[in-house]
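**Q** Handing over structure.txt, compact mmCIF, C-alpha atoms.
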```
# COMPACT_ATOMS: atom_id res chain seq x y z
CA MET D 920 -25.82 -36.20 -45.49
CA LEU D 921 -22.27 -37.16 -44.70
CA ARG D 922 -23.25 -40.19 -42.65
CA CYS D 923 -24.82 -41.69 -45.78
CA GLY D 924 -21.78 -41.09 -47.98
CA LEU D 925 -23.65 -38.93 -50.48
CA SER D 926 -21.66 -37.13 -53.14
CA ALA D 927 -22.32 -35.57 -56.53
CA GLY D 928 -22.82 -38.16 -59.25
CA LEU D 929 -23.47 -41.04 -56.86
CA GLU D 930 -26.22 -43.38 -58.01
CA LEU D 931 -29.02 -43.73 -55.47
CA ASP D 932 -29.83 -47.40 -55.15
CA ARG D 933 -32.40 -48.92 -52.80
CA PRO D 934 -30.02 -49.65 -49.86
CA LEU D 935 -28.62 -46.13 -50.02
CA LEU D 936 -32.12 -44.64 -50.14
CA ARG D 937 -33.06 -46.67 -47.06
CA LEU D 938 -29.98 -45.42 -45.27
CA LEU D 939 -30.77 -41.86 -46.32
CA ARG D 940 -34.34 -42.14 -45.02
CA ARG D 941 -33.12 -43.60 -41.73
CA GLU D 942 -30.68 -40.70 -41.31
CA LEU D 943 -33.40 -38.18 -42.15
CA ARG D 944 -35.65 -39.69 -39.47
CA ARG D 945 -32.77 -39.47 -36.99
CA ALA D 946 -32.12 -35.84 -37.92
CA GLU D 947 -35.83 -35.01 -37.55
CA ALA D 948 -35.87 -36.70 -34.11
CA LEU D 949 -32.79 -34.75 -33.02
CA ASP D 950 -34.37 -31.51 -34.26
CA LEU D 951 -37.60 -32.17 -32.36
CA ALA D 952 -35.67 -33.11 -29.22
CA ALA D 953 -33.56 -29.95 -29.46
CA ARG D 954 -36.64 -27.76 -29.85
CA THR D 955 -38.23 -29.48 -26.86
CA LEU D 956 -35.13 -29.07 -24.70
CA ARG D 957 -34.85 -25.39 -25.61
CA ARG D 958 -37.91 -24.70 -23.47
CA ARG D 959 -37.04 -26.89 -20.50
CA ASP D 960 -34.52 -29.50 -19.42
CA LEU D 961 -36.15 -32.95 -19.36
CA SER D 962 -35.19 -36.38 -18.12
CA LEU D 963 -34.35 -39.06 -20.63
CA ARG D 964 -37.66 -40.80 -19.92
CA ARG D 965 -39.76 -37.63 -20.35
CA LEU D 966 -37.97 -36.72 -23.58
CA SER D 967 -38.52 -40.25 -24.86
CA GLU D 968 -42.24 -39.95 -24.07
CA ARG D 969 -42.44 -36.63 -25.93
CA LEU D 970 -40.73 -38.05 -29.02
CA GLU D 971 -42.98 -41.10 -28.92
CA ARG D 972 -46.13 -38.92 -28.68
CA ALA D 973 -44.87 -36.90 -31.65
CA GLY D 974 -44.78 -40.09 -33.72
CA VAL D 975 -41.01 -40.45 -34.00
CA ALA D 976 -39.98 -43.92 -35.18
CA PRO D 977 -38.54 -46.05 -32.34
CA ALA D 978 -35.15 -46.54 -34.03
CA ALA D 979 -34.78 -42.80 -34.71
CA GLU D 980 -35.86 -42.05 -31.14
CA ARG D 981 -33.28 -44.44 -29.68
CA SER D 982 -30.56 -43.03 -31.90
CA ALA D 983 -31.40 -39.42 -31.04
CA LEU D 984 -31.60 -40.11 -27.31
CA GLN D 985 -28.30 -41.98 -27.39
CA ALA D 986 -26.61 -39.08 -29.19
CA LEU D 987 -28.04 -36.54 -26.73
CA SER D 988 -27.01 -38.66 -23.75
CA GLU D 989 -23.48 -39.18 -25.06
CA ALA D 990 -23.16 -35.43 -25.61
CA ARG D 991 -24.47 -34.96 -22.02
CA ILE D 992 -27.20 -32.69 -23.30
CA VAL D 993 -29.66 -35.00 -21.59
CA ASP D 994 -28.23 -35.93 -18.20
CA ASP D 995 -30.61 -37.23 -15.52
CA ALA D 996 -28.05 -36.91 -12.71
CA ARG D 997 -27.36 -33.26 -13.57
CA LEU D 998 -31.08 -32.57 -13.85
CA ALA D 999 -31.74 -34.25 -10.47
CA ASN D 1000 -28.99 -32.18 -8.80
CA GLY D 1001 -30.38 -28.94 -10.18
CA ARG D 1002 -33.99 -29.71 -9.28
CA ALA D 1003 -33.03 -30.86 -5.78
CA ALA D 1004 -31.00 -27.70 -5.12
CA THR D 1005 -33.81 -25.46 -6.37
CA LEU D 1006 -36.47 -27.20 -4.28
CA ALA D 1007 -34.25 -27.20 -1.19
CA GLU D 1008 -33.68 -23.44 -1.59
CA ARG D 1009 -37.45 -23.00 -1.70
CA GLY D 1010 -37.79 -24.74 1.67
CA TRP D 1011 -38.87 -28.27 0.75
CA GLY D 1012 -38.00 -31.43 2.67
CA ASN D 1013 -36.28 -34.52 1.34
CA ALA D 1014 -39.45 -36.56 0.87
CA ALA D 1015 -41.10 -33.84 -1.21
CA ILE D 1016 -37.94 -33.29 -3.23
CA ALA D 1017 -37.59 -37.02 -3.96
CA ALA D 1018 -41.23 -37.29 -4.99
CA ARG D 1019 -40.97 -34.29 -7.31
CA ILE D 1020 -37.75 -35.45 -8.94
CA GLU D 1021 -39.03 -38.99 -9.44
CA SER D 1022 -42.29 -37.63 -10.90
CA GLU D 1023 -40.16 -36.00 -13.60
CA GLY D 1024 -39.01 -39.41 -14.77
CA ILE D 1025 -35.69 -39.55 -12.94
CA LEU D 1026 -34.60 -42.80 -11.34
CA GLU D 1027 -34.75 -43.13 -7.56
CA ALA D 1028 -30.98 -43.67 -7.42
CA ASP D 1029 -30.30 -40.32 -9.13
CA ALA D 1030 -32.83 -38.59 -6.87
CA SER D 1031 -31.24 -40.08 -3.75
CA ALA D 1032 -27.75 -39.08 -4.88
CA ALA D 1033 -28.93 -35.52 -5.50
CA ILE D 1034 -30.60 -35.29 -2.10
CA ALA D 1035 -27.44 -36.59 -0.40
CA LYS D 1036 -25.57 -33.54 -1.74
CA LEU D 1037 -27.99 -31.07 -0.13
CA GLU D 1038 -27.61 -29.15 3.08
CA PRO D 1039 -28.92 -31.23 6.02
CA GLU D 1040 -32.70 -31.37 6.21
CA THR D 1041 -32.71 -30.08 9.79
CA ALA D 1042 -31.01 -26.83 8.76
CA ARG D 1043 -33.53 -26.30 5.96
CA ALA D 1044 -36.44 -27.09 8.29
CA THR D 1045 -35.13 -24.66 10.90
CA ARG D 1046 -34.95 -21.90 8.29
CA ALA D 1047 -38.45 -22.68 7.01
CA ALA D 1048 -39.82 -22.60 10.56
CA ALA D 1049 -38.12 -19.32 11.48
CA THR D 1050 -41.07 -17.24 10.26
CA VAL D 1051 -43.62 -19.11 12.40
CA SER D 1052 -43.72 -18.99 16.19
CA ASP D 1053 -46.60 -21.34 17.00
CA PRO D 1054 -45.27 -24.93 17.27
CA ARG D 1055 -48.53 -26.34 15.85
CA LYS D 1056 -48.21 -24.18 12.76
CA VAL D 1057 -44.55 -25.11 12.41
CA TRP D 1058 -45.50 -28.78 12.58
CA ALA D 1059 -48.19 -28.31 9.91
CA LEU D 1060 -45.89 -26.26 7.66
CA LEU D 1061 -43.02 -28.73 7.79
CA THR D 1062 -45.34 -31.69 7.27
CA ARG D 1063 -46.81 -30.04 4.15
CA ARG D 1064 -43.33 -29.32 2.89
CA GLY D 1065 -42.28 -32.98 3.06
CA PHE D 1066 -39.88 -32.95 5.99
CA ASP D 1067 -39.16 -36.14 7.93
CA HIS D 1068 -41.08 -36.54 11.21
CA GLU D 1069 -37.85 -36.82 13.21
CA THR D 1070 -36.65 -33.56 11.69
CA ILE D 1071 -39.96 -31.89 12.48
CA GLU D 1072 -39.83 -33.12 16.08
CA ALA D 1073 -36.29 -31.78 16.50
CA VAL D 1074 -37.23 -28.36 15.13
CA VAL D 1075 -40.43 -28.12 17.17
CA GLU D 1076 -38.60 -29.29 20.31
CA THR D 1077 -36.02 -26.54 19.81
CA LEU D 1078 -38.81 -24.03 19.28
CA ASP D 1079 -40.56 -25.24 22.44
CA GLU D 1080 -37.39 -24.77 24.45
CA GLU D 1081 -36.87 -21.27 23.08
CA THR D 1082 -40.46 -20.09 23.59
CA GLY D 1083 -41.33 -22.09 26.68
CA GLY D 1084 -44.51 -23.17 24.89
CA GLY D 1085 -45.45 -26.58 23.70
CA LEU D 1086 -47.88 -28.56 21.70
CA GLY D 1087 -49.66 -29.67 24.79
```
Written as structure tokens, how would this file's structure read?

**A**
Amino acid sequence: MLRCGLSAGLELDRPLLRLLRRELRRAEALDLAARTLRRRDLSLRRLSERLERAGVAPAAERSALQALSEARIVDDARLANGRAATLAERGWGNAAIAARIESEGILEADASAAIAKLEPETARATRAAATVSDPRKVWALLTRRGFDHETIEAVVETLDEETGGGLG
């Protein structure tokens, strides 16, 4: 344990033993966090919750999370960007994407910044609606997928003009 200054022949007094135990707790917290992150990228808040549930001491948890954040292993903005892009590719609207990202423990500001980088919602809604010809079904689909009402109206209006149909 380099951080403790251990070397052969060094006498282990009480303060050094305390320091050693603190560093061991930190190393155990980092190990648990690394094993958790191997399976899935998590937000800082979700990782903190997992460490807390595992019984990691608060000081060791804080130290481990700080080290992981500084190393950018845990990065909420990066996670928000990735989740937003994936959900947008799957045909979800901004409201649904924001709700999903925020439910993963990411701050609203990071979620909003990630959504701002996406392709416009209207283009995504138009693509999602391309497989459905009935305006009522398009409306229902886009509503379920979390698209804004103005976006839905614009897409349905375009569909109405193309098909000569209507909701009426």

**Q** Tell me, as a ChimeraX atom specification, which residues lie within 8 Å of Val1074 of chain D, counting all atoms listed in the file; anything in the same chain fewer than 6 positions away does not count.

**A** /D:1041,1044-1045,1048

**Q** Please report the interatomic distance between atom CA of Pro977 of chain D and atom CA of Asp995 of chain D in Å with one decimal.

**A**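 Here the two named atoms are 20.6 Å from each other.
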
**Q** Could you jot down the atom CA of Ala953 of chain D to atom CA of Arg1002 of chain D separation for me, Å, one decimal place?

**A** 20.2 Å

**Q** Please list, as a VMD selection string, the residues that have an atom at most 12 Å away from (-33.8, -45.4, -30.2) in the coordinates of this file, counting all atoms listed in the file.

**A** chain D and resid 941 944 to 945 948 to 949 963 to 964 966 to 968 970 to 971 975 to 988

**Q** Just to confirm, what's the straight-line distance from atom CA of Pro1039 of chain D to atom CA of Asn1013 of chain D in Å (one decimal)?

**A**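 Answer for the atom CA of Pro1039 of chain D to atom CA of Asn1013 of chain D separation: 9.3 Å.
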
**Q** From the list D:Arg1009, D:Arg972, D:Arg937, D:Arg997, which residue is nearest Arg1046 of chain D when using all atoms listed in the file?

**A**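 With all atoms listed in the file as the atom set, the closest residue is D:Arg1009.
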
**Q** Taking all listed atoms of segment 1067-1071 of chain D, build the axis-aligned box, pad each of the six sides by 8 Å, then write its centre and edge lengths in Å to one decimal as JSON.

**A**
```
{"center_x": -38.9, "center_y": -34.4, "center_z": 10.6, "size_x": 20.4, "size_y": 20.9, "size_z": 21.3}
```

**Q** Contacts of Lys1036 of chain D at 10 Å or less, counting only C-alpha atoms, minus same-chain residues fewer than 4 places along, as a ChimeraX atom specification?

**A** /D:1000,1003-1004,1031-1032

**Q** With all atoms listed in the file as the counted atoms, please give the residues lying no more than 12 Å from Ala1049 of chain D, apart from itself and same-chain residues fewer than 4 positions off, as a PyMOL selection string.

**A** chain D and resi 1010+1042-1045+1053-1054+1056-1057+1060-1061+1074-1075+1077-1078+1081
